[in-house]
>>> print(open('target-v6.cif').read())   # mmCIF, C-alpha atoms and all ligand atoms
data_upload
#
loop_
_atom_site.label_atom_id
_atom_site.label_comp_id
_atom_site.auth_asym_id
_atom_site.auth_seq_id
_atom_site.Cartn_x
_atom_site.Cartn_y
_atom_site.Cartn_z
CA MET S 1 -134.13 -210.27 169.61
CA LYS S 2 -137.16 -208.33 170.86
CA HIS S 3 -139.31 -205.63 169.31
CA ILE S 4 -140.18 -202.85 171.75
CA LYS S 5 -141.86 -199.45 171.52
CA PRO S 6 -139.55 -196.37 171.23
CA ALA S 7 -140.92 -195.17 174.60
CA GLU S 8 -139.61 -198.32 176.32
CA VAL S 9 -135.98 -197.80 175.28
CA LYS S 10 -133.46 -197.41 178.16
CA ALA S 11 -129.70 -196.77 178.44
CA GLY S 12 -127.77 -200.06 178.51
CA MET S 13 -129.83 -201.72 175.75
CA PHE S 14 -128.14 -202.95 172.57
CA ILE S 15 -129.93 -201.54 169.52
CA HIS S 16 -130.05 -204.07 166.70
CA GLY S 17 -132.21 -202.02 164.34
CA PHE S 18 -135.24 -199.82 163.81
CA VAL S 19 -138.59 -200.64 162.25
CA GLY S 20 -139.42 -197.76 159.89
CA SER S 21 -137.66 -195.70 157.28
CA TRP S 22 -134.31 -194.03 158.09
CA PHE S 23 -136.15 -190.72 157.78
CA ASP S 24 -137.90 -191.66 161.01
CA HIS S 25 -134.82 -191.68 163.28
CA PRO S 26 -131.66 -189.57 163.56
CA PHE S 27 -129.01 -192.39 163.70
CA TRP S 28 -126.79 -193.24 160.75
CA ARG S 29 -125.66 -196.48 162.43
CA LYS S 30 -128.22 -199.10 163.19
CA LYS S 31 -126.39 -201.45 165.58
CA PHE S 32 -124.95 -199.93 168.74
CA LEU S 33 -124.95 -200.03 172.52
CA LEU S 34 -127.14 -197.24 173.87
CA VAL S 35 -125.12 -195.34 176.49
CA ASP S 36 -125.95 -191.69 176.06
CA GLN S 37 -129.17 -190.47 177.73
CA GLY S 38 -129.56 -187.90 174.92
CA ASP S 39 -129.71 -190.77 172.41
CA VAL S 40 -132.39 -192.46 174.54
CA LEU S 41 -134.53 -189.34 174.35
CA LYS S 42 -133.93 -189.02 170.57
CA ILE S 43 -135.19 -192.59 170.03
CA ARG S 44 -138.19 -192.04 172.28
CA ALA S 45 -139.11 -188.91 170.29
CA SER S 46 -138.51 -190.54 166.87
CA ASN S 47 -141.22 -191.75 164.50
CA VAL S 48 -140.04 -195.37 164.24
CA SER S 49 -142.80 -197.85 164.93
CA ALA S 50 -140.55 -200.26 166.90
CA VAL S 51 -136.96 -200.75 168.02
CA ILE S 52 -135.24 -204.14 167.75
CA ILE S 53 -133.23 -204.98 170.89
CA ASP S 54 -130.53 -207.63 171.25
CA SER S 55 -130.96 -208.66 174.87
CA GLU S 56 -127.86 -210.92 174.79
CA ARG S 57 -125.59 -207.96 174.09
CA GLY S 58 -127.31 -205.42 176.35
CA ALA S 59 -130.03 -204.85 178.94
CA ALA S 60 -133.31 -206.74 178.46
CA PRO S 61 -136.61 -204.86 178.09
CA ALA S 62 -138.72 -204.47 181.21
CA GLU S 63 -141.66 -206.80 181.76
CA PRO S 64 -144.82 -205.37 180.16
CA GLU S 65 -147.19 -203.33 182.31
CA PRO S 66 -150.30 -205.14 183.58
CA PRO S 67 -153.00 -204.85 180.92
CA THR S 68 -155.93 -203.28 182.74
CA VAL S 69 -156.51 -200.41 185.07
CA ALA S 70 -157.84 -202.87 187.61
CA THR S 71 -154.52 -204.57 188.14
CA THR S 72 -152.18 -201.56 188.47
CA PRO S 73 -150.37 -201.46 191.84
CA ASP S 74 -152.19 -198.25 192.66
CA TYR S 75 -155.41 -200.16 192.95
CA GLN S 76 -154.03 -203.13 194.80
CA ARG S 77 -154.08 -201.31 198.11
CA LYS S 78 -156.83 -202.58 200.37
CA ALA S 79 -156.95 -205.58 198.05
CA VAL S 80 -160.44 -206.78 197.53
CA LEU S 81 -161.01 -210.35 198.55
CA VAL S 82 -163.24 -212.29 196.27
CA THR S 83 -164.04 -215.93 196.68
CA SER S 84 -165.90 -218.35 194.46
CA ARG S 85 -168.90 -218.02 196.78
CA TYR S 86 -169.83 -214.98 194.68
CA ALA S 87 -169.52 -216.66 191.29
CA SER S 88 -172.75 -217.15 189.41
CA SER S 89 -173.32 -220.37 187.49
CA ARG S 90 -175.82 -218.79 185.10
CA PRO S 91 -174.66 -218.33 181.48
CA LEU S 92 -174.66 -214.77 180.11
CA PRO S 93 -177.53 -213.94 177.71
CA ARG S 94 -177.47 -212.49 174.17
CA LYS S 95 -177.99 -208.82 173.25
CA THR S 96 -181.51 -207.52 172.64
CA SER S 97 -183.01 -204.21 171.50
CA PHE S 98 -183.68 -201.28 173.88
CA ARG S 99 -187.46 -201.66 173.46
CA GLN S 100 -187.49 -205.39 174.06
CA GLU S 101 -185.29 -205.09 177.15
CA THR S 102 -187.29 -202.19 178.59
CA ARG S 103 -190.31 -204.49 178.95
CA ARG S 104 -188.29 -206.98 181.00
CA ALA S 105 -186.47 -204.23 182.92
CA VAL S 106 -189.81 -202.81 184.14
CA ARG S 107 -190.56 -206.17 185.76
CA ILE S 108 -187.07 -206.39 187.29
CA VAL S 109 -187.48 -202.93 188.83
CA GLU S 110 -190.90 -203.79 190.28
CA LYS S 111 -189.64 -206.99 191.84
CA SER S 112 -186.43 -205.36 193.09
CA LYS S 113 -188.26 -202.49 194.77
CA GLN S 114 -190.09 -204.91 197.08
CA GLN S 115 -187.06 -207.06 197.76
CA VAL S 116 -184.61 -204.21 198.38
CA GLY S 117 -187.24 -202.37 200.43
CA ALA S 118 -187.70 -205.44 202.68
CA MET S 119 -183.94 -205.87 203.03
CA PHE S 120 -183.47 -202.23 204.05
CA GLU S 121 -186.37 -202.38 206.50
CA SER S 122 -184.90 -205.42 208.25
CA ALA S 123 -181.54 -203.58 208.44
CA ARG S 124 -183.41 -200.69 210.10
CA LEU S 125 -184.59 -203.19 212.71
CA GLY S 126 -181.02 -204.31 213.26
CA GLN S 127 -181.33 -207.64 211.44
CA ALA S 128 -178.46 -209.00 209.35
CA VAL S 129 -178.59 -208.66 205.56
CA LYS S 130 -179.46 -212.04 204.04
CA LEU S 131 -177.31 -211.87 200.95
CA PRO S 132 -178.24 -215.28 199.46
CA GLU S 133 -181.79 -213.93 199.09
CA VAL S 134 -180.56 -210.91 197.11
CA LEU S 135 -177.99 -212.59 194.86
CA PRO S 136 -180.55 -213.84 192.28
CA LEU S 137 -181.66 -210.21 191.90
CA ILE S 138 -178.05 -209.11 191.30
CA ASP S 139 -177.82 -211.81 188.61
CA GLU S 140 -181.04 -210.60 186.96
CA ILE S 141 -179.67 -207.05 186.87
CA ARG S 142 -176.38 -208.28 185.40
CA GLU S 143 -178.25 -210.26 182.73
CA SER S 144 -180.43 -207.28 181.85
CA VAL S 145 -177.31 -205.08 181.51
CA GLU S 146 -175.74 -207.74 179.27
CA ARG S 147 -178.82 -207.86 177.02
CA ASN S 148 -179.09 -204.07 176.71
CA SER S 149 -177.46 -201.82 179.30
CA LYS S 150 -179.41 -198.66 178.44
CA ALA S 151 -182.86 -200.09 179.26
CA LEU S 152 -182.41 -200.70 183.00
CA ILE S 153 -180.03 -197.73 183.46
CA SER S 154 -182.65 -195.29 182.13
CA LEU S 155 -185.46 -196.91 184.16
CA VAL S 156 -183.69 -196.73 187.53
CA GLN S 157 -183.08 -193.02 186.96
CA LEU S 158 -186.79 -192.37 187.54
CA LYS S 159 -187.70 -192.39 191.21
CA THR S 160 -190.30 -190.87 193.48
CA LYS S 161 -189.51 -189.25 196.83
CA ASP S 162 -190.75 -192.20 198.91
CA GLU S 163 -188.70 -194.80 197.15
CA TYR S 164 -185.54 -192.71 196.74
CA THR S 165 -183.16 -194.70 198.97
CA TYR S 166 -184.17 -198.10 197.53
CA MET S 167 -184.20 -196.94 193.93
CA HIS S 168 -180.89 -195.10 194.39
CA SER S 169 -179.35 -198.32 195.73
CA LEU S 170 -180.73 -200.25 192.77
CA ALA S 171 -179.44 -197.58 190.39
CA VAL S 172 -175.92 -197.59 191.90
CA CYS S 173 -175.96 -201.41 191.76
CA THR S 174 -176.85 -201.33 188.03
CA LEU S 175 -174.27 -198.62 187.26
CA MET S 176 -171.54 -200.49 189.17
CA ILE S 177 -172.22 -203.73 187.27
CA ASN S 178 -172.17 -201.89 183.96
CA PHE S 179 -168.96 -200.03 184.94
CA ALA S 180 -167.20 -203.24 186.12
CA ARG S 181 -167.99 -204.96 182.80
CA LYS S 182 -166.27 -202.12 180.95
CA LEU S 183 -163.14 -202.69 183.08
CA ASP S 184 -163.06 -206.35 182.02
CA LEU S 185 -163.27 -207.51 185.63
CA ASP S 186 -164.04 -211.18 186.19
CA ASP S 187 -167.60 -212.39 186.82
CA GLU S 188 -167.14 -212.83 190.57
CA THR S 189 -165.84 -209.29 190.97
CA ILE S 190 -168.64 -207.87 188.80
CA ARG S 191 -171.18 -209.62 191.03
CA SER S 192 -169.50 -208.30 194.19
CA MET S 193 -169.49 -204.79 192.68
CA GLY S 194 -173.26 -205.15 192.23
CA VAL S 195 -173.64 -206.12 195.90
CA ALA S 196 -171.46 -203.11 196.82
CA GLY S 197 -173.72 -200.75 194.84
CA LEU S 198 -176.83 -202.19 196.44
CA LEU S 199 -175.50 -201.89 200.00
CA HIS S 200 -173.40 -198.69 199.76
CA ASP S 201 -175.97 -196.54 201.61
CA LEU S 202 -177.14 -199.21 204.04
CA GLY S 203 -176.02 -196.89 206.87
CA LYS S 204 -178.81 -194.46 205.93
CA MET S 205 -181.16 -196.94 207.62
CA ALA S 206 -179.57 -195.88 210.90
CA VAL S 207 -180.21 -192.16 210.16
CA PRO S 208 -183.63 -190.76 211.21
CA GLN S 209 -185.97 -190.53 208.18
CA MET S 210 -186.83 -186.96 209.16
CA ILE S 211 -183.23 -185.87 208.47
CA LEU S 212 -183.06 -187.81 205.19
CA ASP S 213 -186.29 -186.18 203.95
CA LYS S 214 -185.47 -182.64 205.08
CA THR S 215 -185.59 -180.15 202.22
CA GLU S 216 -184.39 -177.09 204.17
CA ARG S 217 -180.77 -176.47 205.05
CA LEU S 218 -179.42 -179.08 207.50
CA THR S 219 -178.11 -177.99 210.90
CA ALA S 220 -174.48 -178.81 211.78
CA ASP S 221 -175.65 -181.70 214.00
CA GLU S 222 -177.90 -183.11 211.28
CA MET S 223 -175.05 -182.87 208.80
CA THR S 224 -172.79 -184.81 211.20
CA THR S 225 -175.49 -187.49 211.53
CA ILE S 226 -175.85 -187.82 207.74
CA ARG S 227 -172.10 -187.95 207.30
CA SER S 228 -171.91 -190.85 209.74
CA HIS S 229 -173.81 -193.16 207.33
CA PRO S 230 -170.69 -194.81 205.82
CA GLU S 231 -169.46 -195.89 209.26
CA ARG S 232 -172.95 -196.87 210.40
CA GLY S 233 -173.41 -198.97 207.26
CA HIS S 234 -170.06 -200.62 207.78
CA ALA S 235 -171.08 -201.42 211.37
CA LEU S 236 -174.42 -202.85 210.18
CA ILE S 237 -172.57 -205.21 207.83
CA GLY S 238 -170.29 -206.07 210.76
CA ASN S 239 -169.01 -209.62 210.66
CA ASN S 240 -171.67 -210.84 208.23
CA ARG S 241 -169.58 -213.38 206.32
CA ASP S 242 -172.03 -213.46 203.42
CA ILE S 243 -171.06 -209.93 202.36
CA PRO S 244 -168.06 -209.62 200.01
CA ASP S 245 -165.17 -207.40 201.17
CA ILE S 246 -165.69 -205.14 198.14
CA ALA S 247 -169.12 -204.19 199.52
CA ARG S 248 -167.67 -203.53 202.99
CA ASP S 249 -165.02 -201.28 201.43
CA VAL S 250 -167.45 -199.33 199.18
CA CYS S 251 -169.91 -198.89 202.05
CA LEU S 252 -167.23 -197.28 204.22
CA HIS S 253 -165.33 -195.27 201.56
CA HIS S 254 -167.78 -194.12 198.85
CA HIS S 255 -167.67 -190.51 200.11
CA GLU S 256 -163.87 -190.21 200.06
CA LYS S 257 -162.42 -187.88 197.39
CA MET S 258 -159.15 -188.15 195.45
CA ASP S 259 -157.77 -184.90 196.92
CA GLY S 260 -158.41 -185.99 200.52
CA SER S 261 -161.36 -183.64 201.12
CA GLY S 262 -163.93 -186.43 201.50
CA TYR S 263 -165.23 -188.26 204.57
CA PRO S 264 -165.13 -190.13 206.96
CA PHE S 265 -161.31 -190.46 206.90
CA GLY S 266 -160.10 -187.89 204.33
CA LEU S 267 -158.27 -190.64 202.40
CA LYS S 268 -156.25 -189.50 199.38
CA GLY S 269 -155.50 -190.94 195.91
CA SER S 270 -154.07 -194.44 196.15
CA GLU S 271 -155.36 -194.85 199.72
CA ILE S 272 -158.82 -195.24 198.16
CA SER S 273 -159.46 -198.59 196.47
CA MET S 274 -160.64 -198.89 192.88
CA ALA S 275 -164.03 -200.21 194.02
CA ALA S 276 -164.59 -197.21 196.32
CA ARG S 277 -163.55 -194.78 193.55
CA MET S 278 -166.02 -196.46 191.24
CA GLY S 279 -168.69 -196.32 193.93
CA ALA S 280 -168.12 -192.58 194.39
CA ILE S 281 -168.64 -191.93 190.66
CA CYS S 282 -171.81 -194.06 190.36
CA ASP S 283 -173.24 -192.62 193.60
CA VAL S 284 -172.84 -188.96 192.61
CA TYR S 285 -173.94 -189.56 189.01
CA ASP S 286 -177.20 -191.16 190.16
CA ALA S 287 -177.81 -188.52 192.85
CA VAL S 288 -177.44 -185.55 190.48
CA THR S 289 -179.47 -187.11 187.65
CA SER S 290 -182.37 -188.04 189.99
CA ASN S 291 -185.39 -185.96 190.86
CA ARG S 292 -185.00 -184.65 194.43
CA PRO S 293 -187.45 -182.54 196.42
CA TYR S 294 -184.94 -179.68 196.62
CA LYS S 295 -183.56 -179.64 193.08
CA ASP S 296 -184.28 -180.44 189.44
CA PRO S 297 -182.28 -183.33 188.00
CA TRP S 298 -179.38 -182.67 185.64
CA THR S 299 -179.47 -184.45 182.31
CA PRO S 300 -176.91 -187.30 182.05
CA CYS S 301 -174.94 -185.23 179.57
CA THR S 302 -174.78 -182.16 181.84
CA ALA S 303 -174.00 -184.32 184.89
CA LEU S 304 -171.00 -185.96 183.20
CA GLY S 305 -169.77 -182.60 181.86
CA ARG S 306 -169.92 -181.01 185.32
CA MET S 307 -168.48 -184.03 187.18
CA MET S 308 -165.47 -183.97 184.86
CA GLN S 309 -164.78 -180.41 185.88
CA TRP S 310 -164.75 -181.08 189.65
CA GLU S 311 -161.03 -181.24 190.17
CA GLY S 312 -159.81 -183.61 192.86
CA HIS S 313 -163.15 -185.31 193.41
CA PHE S 314 -163.04 -188.39 191.18
CA ASP S 315 -160.40 -190.64 189.64
CA GLU S 316 -160.10 -189.10 186.17
CA ARG S 317 -159.14 -192.33 184.38
CA LEU S 318 -162.05 -194.19 185.92
CA MET S 319 -164.35 -191.26 185.07
CA GLN S 320 -163.45 -191.73 181.39
CA VAL S 321 -164.23 -195.46 181.59
CA PHE S 322 -167.54 -194.68 183.33
CA ILE S 323 -168.53 -192.24 180.55
CA ASN S 324 -167.67 -194.91 177.96
CA SER S 325 -169.66 -197.50 179.89
CA LEU S 326 -172.76 -195.29 179.57
CA GLY S 327 -172.11 -194.59 175.88
CA LEU S 328 -172.82 -190.90 176.46
CA TYR S 329 -171.05 -187.69 175.55
CA PRO S 330 -170.48 -185.19 178.36
CA ALA S 331 -171.75 -181.64 177.82
CA GLY S 332 -168.88 -179.34 176.94
CA GLY S 333 -166.91 -182.18 175.31
CA LEU S 334 -165.43 -182.25 171.80
CA VAL S 335 -166.65 -184.87 169.29
CA ARG S 336 -165.94 -185.73 165.67
CA LEU S 337 -168.86 -186.27 163.26
CA ASN S 338 -168.81 -188.65 160.29
CA ASP S 339 -168.99 -185.72 157.85
CA HIS S 340 -165.52 -184.38 158.80
CA ARG S 341 -166.86 -181.80 161.24
CA LEU S 342 -165.78 -181.24 164.84
CA ALA S 343 -168.57 -180.31 167.23
CA LEU S 344 -169.14 -179.13 170.79
CA VAL S 345 -171.61 -181.26 172.82
CA VAL S 346 -174.40 -179.07 174.20
CA ASP S 347 -176.73 -181.53 175.97
CA ASN S 348 -179.08 -184.48 175.60
CA CYS S 349 -182.11 -183.97 173.44
CA ALA S 350 -185.25 -183.38 175.54
CA GLN S 351 -187.55 -185.28 173.12
CA ASP S 352 -185.26 -188.27 172.51
CA PRO S 353 -183.06 -189.62 175.34
CA ALA S 354 -180.72 -191.20 172.80
CA GLY S 355 -180.31 -187.90 170.90
CA VAL S 356 -177.37 -185.54 171.48
CA ARG S 357 -177.47 -181.81 170.69
CA VAL S 358 -174.17 -180.64 169.21
CA LEU S 359 -172.72 -177.49 167.64
CA PRO S 360 -170.46 -178.28 164.66
CA PHE S 361 -167.88 -175.47 164.45
CA TYR S 362 -164.90 -176.74 162.42
CA CYS S 363 -164.42 -178.66 159.17
CA THR S 364 -161.38 -180.95 159.32
CA SER S 365 -161.21 -181.60 155.57
CA ARG S 366 -161.17 -177.90 154.60
CA LEU S 367 -159.40 -176.85 157.85
CA GLN S 368 -161.97 -174.11 158.14
CA GLU S 369 -164.04 -172.62 160.94
CA LEU S 370 -167.81 -172.88 160.51
CA THR S 371 -170.63 -170.77 161.89
CA PRO S 372 -171.87 -172.98 164.75
CA GLU S 373 -175.39 -174.18 164.09
CA GLU S 374 -177.00 -176.59 166.54
CA ILE S 375 -178.12 -180.01 165.28
CA THR S 376 -179.47 -183.10 167.06
CA VAL S 377 -177.65 -186.34 166.36
CA VAL S 378 -179.87 -189.42 166.64
CA PRO S 379 -178.48 -193.01 166.47
CA ASP S 380 -178.73 -194.71 163.06
CA ARG S 381 -180.20 -191.65 161.33
CA GLY S 382 -178.35 -188.91 159.40
CA VAL S 383 -175.08 -187.47 160.70
CA GLN S 384 -173.42 -189.64 163.40
CA ILE S 385 -170.88 -189.05 166.16
CA LEU S 386 -167.70 -191.04 165.51
CA GLY S 387 -166.25 -190.49 169.00
CA THR S 388 -164.77 -188.01 171.44
CA GLU S 389 -161.66 -186.02 170.53
CA ARG S 390 -158.96 -184.45 172.70
CA PRO S 391 -158.98 -180.64 172.27
CA GLU S 392 -155.13 -180.57 172.58
CA PHE S 393 -154.83 -182.83 169.54
CA TRP S 394 -156.45 -180.11 167.45
CA HIS S 395 -154.42 -177.37 169.19
CA PHE S 396 -157.53 -176.01 170.89
CA GLU S 397 -155.37 -175.19 173.91
CA GLU S 398 -157.80 -172.88 175.63
CA TRP S 399 -160.76 -175.18 175.21
CA SER S 400 -162.93 -173.73 178.00
CA ARG S 401 -162.63 -170.19 176.55
CA MET S 402 -163.16 -171.53 173.04
CA ARG S 403 -166.34 -173.32 174.17
CA ASN S 404 -167.79 -170.02 175.34
CA THR S 405 -166.96 -168.37 172.02
CA ILE S 406 -168.64 -171.21 170.09
CA LEU S 407 -171.75 -170.97 172.29
CA SER S 408 -171.94 -167.19 171.88
CA LYS S 409 -171.66 -167.44 168.08
CA ALA S 410 -174.21 -170.26 167.84
CA ALA S 411 -177.42 -169.86 165.88
CA PRO S 412 -180.62 -171.29 167.48
CA LEU S 413 -181.59 -174.94 166.94
CA SER S 414 -182.18 -175.79 163.27
CA ALA S 415 -183.67 -178.96 161.75
CA ALA S 416 -182.44 -182.30 163.03
CA ALA S 417 -179.59 -183.75 161.01
FE FE K 501 -173.67 -192.38 200.68
FE FE K 502 -175.49 -192.99 197.78
#
>>> encode(input="target-v6.cif", output="structure tokens", more="lines below")
Ligand SMILES: [Fe+2]
Ligand SMILES: [Fe+2]
Amino acid sequence: MKHIKPAEVKAGMFIHGFVGSWFDHPFWRKKFLLVDQGDVLKIRASNVSAVIIDSERGAAPAEPEPPTVATTPDYQRKAVLVTSRYASSRPLPRKTSFRQETRRAVRIVEKSKQQVGAMFESARLGQAVKLPEVLPLIDEIRESVERNSKALISLVQLKTKDEYTYMHSLAVCTLMINFARKLDLDDETIRSMGVAGLLHDLGKMAVPQMILDKTERLTADEMTTIRSHPERGHALIGNNRDIPDIARDVCLHHHEKMDGSGYPFGLKGSEISMAARMGAICDVYDAVTSNRPYKDPWTPCTALGRMMQWEGHFDERLMQVFINSLGLYPAGGLVRLNDHRLALVVDNCAQDPAGVRVLPFYCTSRLQELTPEEITVVPDRGVQILGTERPEFWHFEEWSRMRNTILSKAAPLSAAA
């Protein structure tokens, strides 16, 4: 006998019973061979919590799906080869506070800037990347993220024009490590993901600095040169056996898009590996939240809100995991507060990076609309966000139109909650 979910029921199975009250399913008999497809659909739509199957008298349930997103067949294309050479022997540290970790993270950034700068300069001169020299740095970043992920992630967001390429590489490395942890990937893969983040734009070392720094519109030729950086980076890595295959893959494919409109190959959906999809998300997120000579940075909240709306660019499931890995709420999203209110996320709070500005507009206990009035939610003080909600669950079918209505009805910012 096996207990399975109603959704896993198939024709040919022998039903031995249902878990739940008889109100929850439409069958007066409990034991029968399931032949009719209509009956299959009725069971799948029923409210029973489980179905008991006799696999000796009928078909056996299918093997369970692999547990994590990382192991689905979709992502096994261009399988990433990881060997124990990339395993770290250092034990993982304990959690610390944001303030405590920020002090250490400042030192890590200072040290990394010099090391990554030197590595990129030698690549510019055509010398091979000496990975063993960089691996201790990857481990320090991983350890900092383990102690408190927000400290280093917020530090690497700040960069000046001169150090952009190095700091961007450091930022993508940190984001990739943090992202990979959230996917429950093993330590070796997490470390290789860090290397991938650090080296993803290595090919920019083969692009003239003048083009990289240009603030005016690029000519068609300059654009072609810039767009050659994934292939140039891949060529720079070449046969360097120190570099994990994940890094090779991310270097070459981090500008591919899910709908096939990316470059250099216009790969689509499952043709792009999980690591490259992750690289694409971290790369764009860091680019749009950074200060650039030609544009103001977007706040993390706005960036995530906008990136979610770019259809066909990113892997949507991975995008959700990425947002969770940052512990942020995207602008335009729906959240539930701990005082039974639903609220629209407006943006980060300018004064407090941990604060989120929201517009509560609906009371779930009284089932009543409220006049939206903006409040700032700050961790561990006053009203708190319990989590994100799906608009469809609350029958807010036209969520984008509804958002505009809420914003237009909103009163200006009142006191912090
Ligand atoms: Fe790039
Ligand atoms: Fe990049």
>>> residues_near_ligand(input="target-v6.cif", ligand="ligand FE 501 (chain K)", cutoff="10 Å", atoms="all atoms listed in the file", output="list in words")
Thr165, His168, Ser169, Leu199, His200, Asp201, Leu202, Gly203, Lys204, Ile226, Arg227, Ser228, His229, Pro230, Gly233, Val250, Cys251, Leu252, His253, His254, His255, Gly279, Ala280, Asp283, Val284 and Ala287 of chain S
>>> residues_near_point(input="target-v6.cif", point="(-163.2, -175.1, 163.8)", cutoff="12 Å", atoms="all atoms listed in the file", output="PyMOL selection string")
chain S and resi 334-336+340-344+359-372+391+394-396+399+402-403+405-406
>>> write_last_selection(input="target-v6.cif", atoms="C-alpha atoms", output="CSV table (one decimal), in the frame of the given file")
chain,number,residue,atom,x,y,z
S,334,LEU,CA,-165.4,-182.2,171.8
S,335,VAL,CA,-166.6,-184.9,169.3
S,336,ARG,CA,-165.9,-185.7,165.7
S,340,HIS,CA,-165.5,-184.4,158.8
S,341,ARG,CA,-166.9,-181.8,161.2
S,342,LEU,CA,-165.8,-181.2,164.8
S,343,ALA,CA,-168.6,-180.3,167.2
S,344,LEU,CA,-169.1,-179.1,170.8
S,359,LEU,CA,-172.7,-177.5,167.6
S,360,PRO,CA,-170.5,-178.3,164.7
S,361,PHE,CA,-167.9,-175.5,164.4
S,362,TYR,CA,-164.9,-176.7,162.4
S,363,CYS,CA,-164.4,-178.7,159.2
S,364,THR,CA,-161.4,-181.0,159.3
S,365,SER,CA,-161.2,-181.6,155.6
S,366,ARG,CA,-161.2,-177.9,154.6
S,367,LEU,CA,-159.4,-176.8,157.8
S,368,GLN,CA,-162.0,-174.1,158.1
S,369,GLU,CA,-164.0,-172.6,160.9
S,370,LEU,CA,-167.8,-172.9,160.5
S,371,THR,CA,-170.6,-170.8,161.9
S,372,PRO,CA,-171.9,-173.0,164.8
S,391,PRO,CA,-159.0,-180.6,172.3
S,394,TRP,CA,-156.4,-180.1,167.4
S,395,HIS,CA,-154.4,-177.4,169.2
S,396,PHE,CA,-157.5,-176.0,170.9
S,399,TRP,CA,-160.8,-175.2,175.2
S,402,MET,CA,-163.2,-171.5,173.0
S,403,ARG,CA,-166.3,-173.3,174.2
S,405,THR,CA,-167.0,-168.4,172.0
S,406,ILE,CA,-168.6,-171.2,170.1
>>> closest_residue(input="target-v6.cif", among="S:Ile375, S:Lys257, S:Thr302, S:Ala171", to="ligand FE 502 (chain K)", atoms="all atoms listed in the file")
S:Ala171
>>> residues_around(input="target-v6.cif", residues="Gln384 of chain S", least_positions_apart="5", cutoff="8 Å", atoms="all atoms listed in the file", output="PyMOL selection string")
chain S and resi 337-338+377-379
>>> atom_distance(input="target-v6.cif", atom1="atom CA of Leu318 of chain S", atom2="atom CA of Asp242 of chain S")
27.9 Å
>>> atom_distance(input="target-v6.cif", atom1="atom CA of Cys282 of chain S", atom2="atom CA of Val172 of chain S")
5.6 Å
>>> closest_residue(input="target-v6.cif", among="S:Asp339, S:Glu316, S:Glu398, S:Asp286", to="ligand FE 502 (chain K)", atoms="all atoms listed in the file")
S:Asp286
>>> atom_distance(input="target-v6.cif", atom1="atom CA of Phe98 of chain S", atom2="atom CA of Ala151 of chain S")
5.6 Å
>>> axis_aligned_box(input="target-v6.cif", around="segment 205-209 of chain S", padding_each_side="6 Å", output="lines of an AutoDock Vina configuration file")
center_x = -182.8
center_y = -193.7
center_z = 209.4
size_x = 18.4
size_y = 18.4
size_z = 15.6
>>> closest_residue(input="target-v6.cif", among="S:Tyr166, S:Pro61, S:Val145, S:Val109", to="ligand FE 502 (chain K)", atoms="only C-alpha atoms and all ligand atoms")
S:Tyr166
>>> closest_residue(input="target-v6.cif", among="S:Ile153, S:Ile243, S:Ala196, S:Met319", to="ligand FE 502 (chain K)", atoms="all atoms listed in the file")
S:Ala196
>>> build_atoms(input="target-v6.cif", residues="segment 200-210 of chain S", atoms="N, CA and C atoms", output="short mmCIF file (atom, residue, chain, number, x, y, z; two decimals), in the coordinates of the input")
data_model
loop_
_atom_site.label_atom_id
_atom_site.label_comp_id
_atom_site.auth_asym_id
_atom_site.auth_seq_id
_atom_site.Cartn_x
_atom_site.Cartn_y
_atom_site.Cartn_z
N HIS S 200 -174.31 -199.80 199.41
CA HIS S 200 -173.40 -198.69 199.76
C HIS S 200 -174.02 -197.72 200.78
N ASP S 201 -175.33 -197.49 200.69
CA ASP S 201 -175.97 -196.54 201.61
C ASP S 201 -176.76 -197.23 202.70
N LEU S 202 -176.42 -198.46 203.01
CA LEU S 202 -177.14 -199.21 204.04
C LEU S 202 -177.19 -198.42 205.36
N GLY S 203 -176.11 -197.67 205.63
CA GLY S 203 -176.02 -196.89 206.87
C GLY S 203 -177.10 -195.82 206.99
N LYS S 204 -177.75 -195.47 205.86
CA LYS S 204 -178.81 -194.46 205.93
C LYS S 204 -180.01 -195.01 206.70
N MET S 205 -180.08 -196.33 206.84
CA MET S 205 -181.16 -196.94 207.62
C MET S 205 -181.00 -196.62 209.10
N ALA S 206 -179.80 -196.21 209.49
CA ALA S 206 -179.57 -195.88 210.90
C ALA S 206 -179.68 -194.36 211.12
N VAL S 207 -180.04 -193.62 210.06
CA VAL S 207 -180.21 -192.16 210.16
C VAL S 207 -181.72 -191.87 210.21
N PRO S 208 -182.19 -191.03 211.15
CA PRO S 208 -183.63 -190.76 211.21
C PRO S 208 -184.19 -190.28 209.86
N GLN S 209 -185.34 -190.86 209.46
CA GLN S 209 -185.97 -190.53 208.18
C GLN S 209 -186.21 -189.03 208.03
N MET S 210 -186.54 -188.40 209.17
CA MET S 210 -186.83 -186.96 209.16
C MET S 210 -185.65 -186.15 208.61
#
